[in-house]
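Participant: Here it is: the structure, laid out below.
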Amino acid sequence: MDVQLLAALILGVTAVVALIVWSRLDAFVGLLVGALVTGVVAGVPVTDLIGYITSGFGDTLAGIGIVIALGVMIGKVLEESGGADALARMFVRAFGKGREDVAMTATGAVVSVPVFCDSGFVILHPLARSLARRYGKPLVGVSIALAGGLAITHHLVPPTPGPLAAVGLLGADLGTVILAGLVMAVVLVPVVIAYARIMGPRQEPHLDPDR
């Protein structure tokens, strides 16, 4: 592998992560800066680089833009209408007492398909806190279960933007990717629940009671 291209990839990813984690800039700005850094380090002329970025963005958006827009709309409806909270309570009733962590994992996995992962956690964590308090469950365990469920589909199942963008860039079949992502998500849900049940009680003593 060309060392220069490898360095460009590493520095580009580093720039994206640094800007998103350490600044208040929007993720889109971080990705744009990362693309610029990658191109410059790779030796692409600046005049050509802008064209590559705009044409690449346009081609990707042409393939997946409508689906992303609809997904964002559905996510906003779930957030504003209280649908996400109602969904979580339905899962709690369905799985029964003692399986609140299972319910939160399932809720997170469903909600994170149309809703961004971080937004889903903000929306649902108050309910997770309430369930942990009501049923005497470790808050850390319930929170891990929720976060794990959100992360699974956020990374695997379109129309979540990340997997959807990958479909567009690789030219994969959208239906096949959705089915494969769902199957993998089902496989990973028990792993998340087991991890939450193991790590929750261990980490609970380190929880700040004032937060």
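So you can find residues: chains in the structure tokens are A, B, ... in the order shown, residues in each start at 1, and ligands are numbered from 1 in order.
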List every residue of region 75-136 of chain A that has an atom at most 12 Å from any atom of region 169-185 of chain A, giving for each one its closest atom pair and the distance in Å to one decimal, counting only C-alpha atoms, sorted by chain and then by ascending residue number, as a tab-separated table.
Facilitator:
residue	atom	partner	partner_atom	distance
A:Thr105	CA	A:Ala185	CA	10.8
A:Ala106	CA	A:Ala185	CA	10.1
A:Gly108	CA	A:Ala185	CA	11.3
A:Ala109	CA	A:Ala185	CA	7.9
A:Val110	CA	A:Ala185	CA	10.2
A:Ser112	CA	A:Ala185	CA	11.7
A:Val113	CA	A:Leu182	CA	10.4
Participant: If you keep C-alpha atoms, can you produce a file of those selected residues as a short mmCIF file (atom, residue, chain, number, x, y, z; two decimals), in the first residue's frame?
Facilitator:
data_model
loop_
_atom_site.label_atom_id
_atom_site.label_comp_id
_atom_site.auth_asym_id
_atom_site.auth_seq_id
_atom_site.Cartn_x
_atom_site.Cartn_y
_atom_site.Cartn_z
CA THR A 105 -32.21 -3.02 23.95
CA ALA A 106 -35.13 -3.85 21.68
CA GLY A 108 -33.00 1.14 21.02
CA ALA A 109 -32.60 -1.22 18.08
CA VAL A 110 -35.95 -0.17 16.60
CA SER A 112 -32.14 3.90 15.95
CA VAL A 113 -33.18 2.94 12.41
#
Participant: Show which residues sit within 12 Å of Gly12 (chain A), as a PyMOL selection string. Count only C-alpha atoms, and ignore same-chain residues fewer than 6 positions away.
Facilitator: chain A and resi 4-6+18-19+30-42
Participant: How far is it from CA of Val157 (chain A) to CA of Leu9 (chain A), in Å with one decimal?
Facilitator: 25.1 Å
Participant: Write out as an MDAnalysis selection string the set of residues from chain A that DSSP, computed on the backbone, places in alpha helix (DSSP H).
Facilitator: chainID A and resid 3:22 27:42 46:81 83:95 100:111 117:135 139:156 161:170 174:203
Participant: Between A:Cys117, A:Val122, A:Ala8, A:Val191, which one has atoms that come closest to Leu156 (chain A), using only C-alpha atoms?
Facilitator: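 Checking each candidate against Leu156 (chain A), we get A:Cys117 as the closest.
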Participant: If you count only C-alpha atoms, which residues fall within 12 Å of Arg99 (chain A), apart from same-chain ones fewer than 2 positions away, as a PyMOL selection string?
Facilitator: chain A and resi 91-97+101-106+131-132+135-137+141-142+145+193-194+196-197
Participant: Only N, CA, C and O atoms, please: the residues just picked out, written as a short mmCIF file (atom, residue, chain, number, x, y, z; two decimals), in the first residue's frame.
Facilitator:
data_model
loop_
_atom_site.label_atom_id
_atom_site.label_comp_id
_atom_site.auth_asym_id
_atom_site.auth_seq_id
_atom_site.Cartn_x
_atom_site.Cartn_y
_atom_site.Cartn_z
N PHE A 91 -42.61 -2.28 24.77
CA PHE A 91 -41.65 -3.37 24.91
C PHE A 91 -41.52 -3.81 26.37
O PHE A 91 -41.36 -5.00 26.65
N VAL A 92 -41.58 -2.86 27.30
CA VAL A 92 -41.48 -3.21 28.72
C VAL A 92 -42.65 -4.10 29.12
O VAL A 92 -42.48 -5.10 29.81
N ARG A 93 -43.85 -3.74 28.66
CA ARG A 93 -45.02 -4.57 28.96
C ARG A 93 -44.91 -5.94 28.28
O ARG A 93 -45.30 -6.96 28.86
N ALA A 94 -44.39 -5.96 27.08
CA ALA A 94 -44.31 -7.22 26.32
C ALA A 94 -43.33 -8.20 26.94
O ALA A 94 -43.62 -9.40 27.03
N PHE A 95 -42.18 -7.70 27.37
CA PHE A 95 -41.14 -8.60 27.90
C PHE A 95 -41.36 -8.91 29.38
O PHE A 95 -40.85 -9.90 29.88
N GLY A 96 -42.08 -8.06 30.09
CA GLY A 96 -42.42 -8.34 31.47
C GLY A 96 -41.39 -7.86 32.48
O GLY A 96 -40.26 -7.48 32.12
N LYS A 97 -41.79 -7.89 33.74
CA LYS A 97 -40.94 -7.44 34.83
C LYS A 97 -39.69 -8.31 34.93
O LYS A 97 -39.75 -9.53 34.79
N ASP A 101 -33.98 -4.58 30.82
CA ASP A 101 -32.82 -4.38 29.96
C ASP A 101 -33.06 -4.91 28.56
O ASP A 101 -32.64 -4.31 27.56
N VAL A 102 -33.79 -6.03 28.46
CA VAL A 102 -34.14 -6.58 27.15
C VAL A 102 -35.06 -5.61 26.41
O VAL A 102 -34.89 -5.37 25.21
N ALA A 103 -36.01 -5.05 27.14
CA ALA A 103 -36.94 -4.10 26.53
C ALA A 103 -36.21 -2.87 26.01
O ALA A 103 -36.51 -2.38 24.91
N MET A 104 -35.24 -2.36 26.77
CA MET A 104 -34.52 -1.17 26.34
C MET A 104 -33.61 -1.46 25.16
O MET A 104 -33.44 -0.62 24.26
N THR A 105 -33.03 -2.65 25.12
CA THR A 105 -32.21 -3.02 23.95
C THR A 105 -33.07 -3.10 22.71
O THR A 105 -32.70 -2.59 21.64
N ALA A 106 -34.22 -3.73 22.82
CA ALA A 106 -35.13 -3.85 21.68
C ALA A 106 -35.62 -2.48 21.23
O ALA A 106 -35.69 -2.19 20.03
N LEU A 131 -37.10 3.42 34.82
CA LEU A 131 -37.27 1.97 34.96
C LEU A 131 -36.28 1.39 35.96
O LEU A 131 -36.64 0.52 36.77
N ALA A 132 -35.04 1.84 35.90
CA ALA A 132 -34.03 1.34 36.83
C ALA A 132 -34.41 1.66 38.27
O ALA A 132 -34.26 0.82 39.17
N TYR A 135 -37.76 -0.52 39.30
CA TYR A 135 -37.61 -1.97 39.45
C TYR A 135 -36.32 -2.39 40.13
O TYR A 135 -36.02 -3.58 40.21
N GLY A 136 -35.55 -1.41 40.62
CA GLY A 136 -34.33 -1.74 41.34
C GLY A 136 -33.24 -2.33 40.49
O GLY A 136 -32.43 -3.13 40.97
N LYS A 137 -33.21 -1.94 39.22
CA LYS A 137 -32.18 -2.42 38.30
C LYS A 137 -30.98 -1.48 38.31
O LYS A 137 -31.13 -0.27 38.55
N GLY A 141 -26.46 -0.73 33.89
CA GLY A 141 -26.82 -1.88 33.07
C GLY A 141 -27.94 -1.56 32.09
O GLY A 141 -27.87 -1.91 30.91
N VAL A 142 -28.98 -0.88 32.56
CA VAL A 142 -30.09 -0.50 31.69
C VAL A 142 -29.61 0.48 30.63
O VAL A 142 -30.02 0.41 29.46
N ALA A 145 -27.65 -1.36 28.01
CA ALA A 145 -28.57 -2.10 27.15
C ALA A 145 -29.20 -1.18 26.11
O ALA A 145 -29.30 -1.53 24.92
N ILE A 193 -27.24 -7.66 25.65
CA ILE A 193 -27.94 -7.89 26.92
C ILE A 193 -27.01 -8.58 27.92
O ILE A 193 -26.95 -8.19 29.11
N ALA A 194 -26.27 -9.58 27.46
CA ALA A 194 -25.33 -10.27 28.35
C ALA A 194 -24.26 -9.31 28.86
O ALA A 194 -23.92 -9.32 30.06
N ALA A 196 -24.50 -6.06 29.18
CA ALA A 196 -25.12 -5.12 30.11
C ALA A 196 -25.33 -5.75 31.49
O ALA A 196 -25.11 -5.10 32.52
N ARG A 197 -25.72 -7.01 31.51
CA ARG A 197 -25.97 -7.68 32.79
C ARG A 197 -24.68 -7.98 33.54
O ARG A 197 -24.69 -8.05 34.77
#
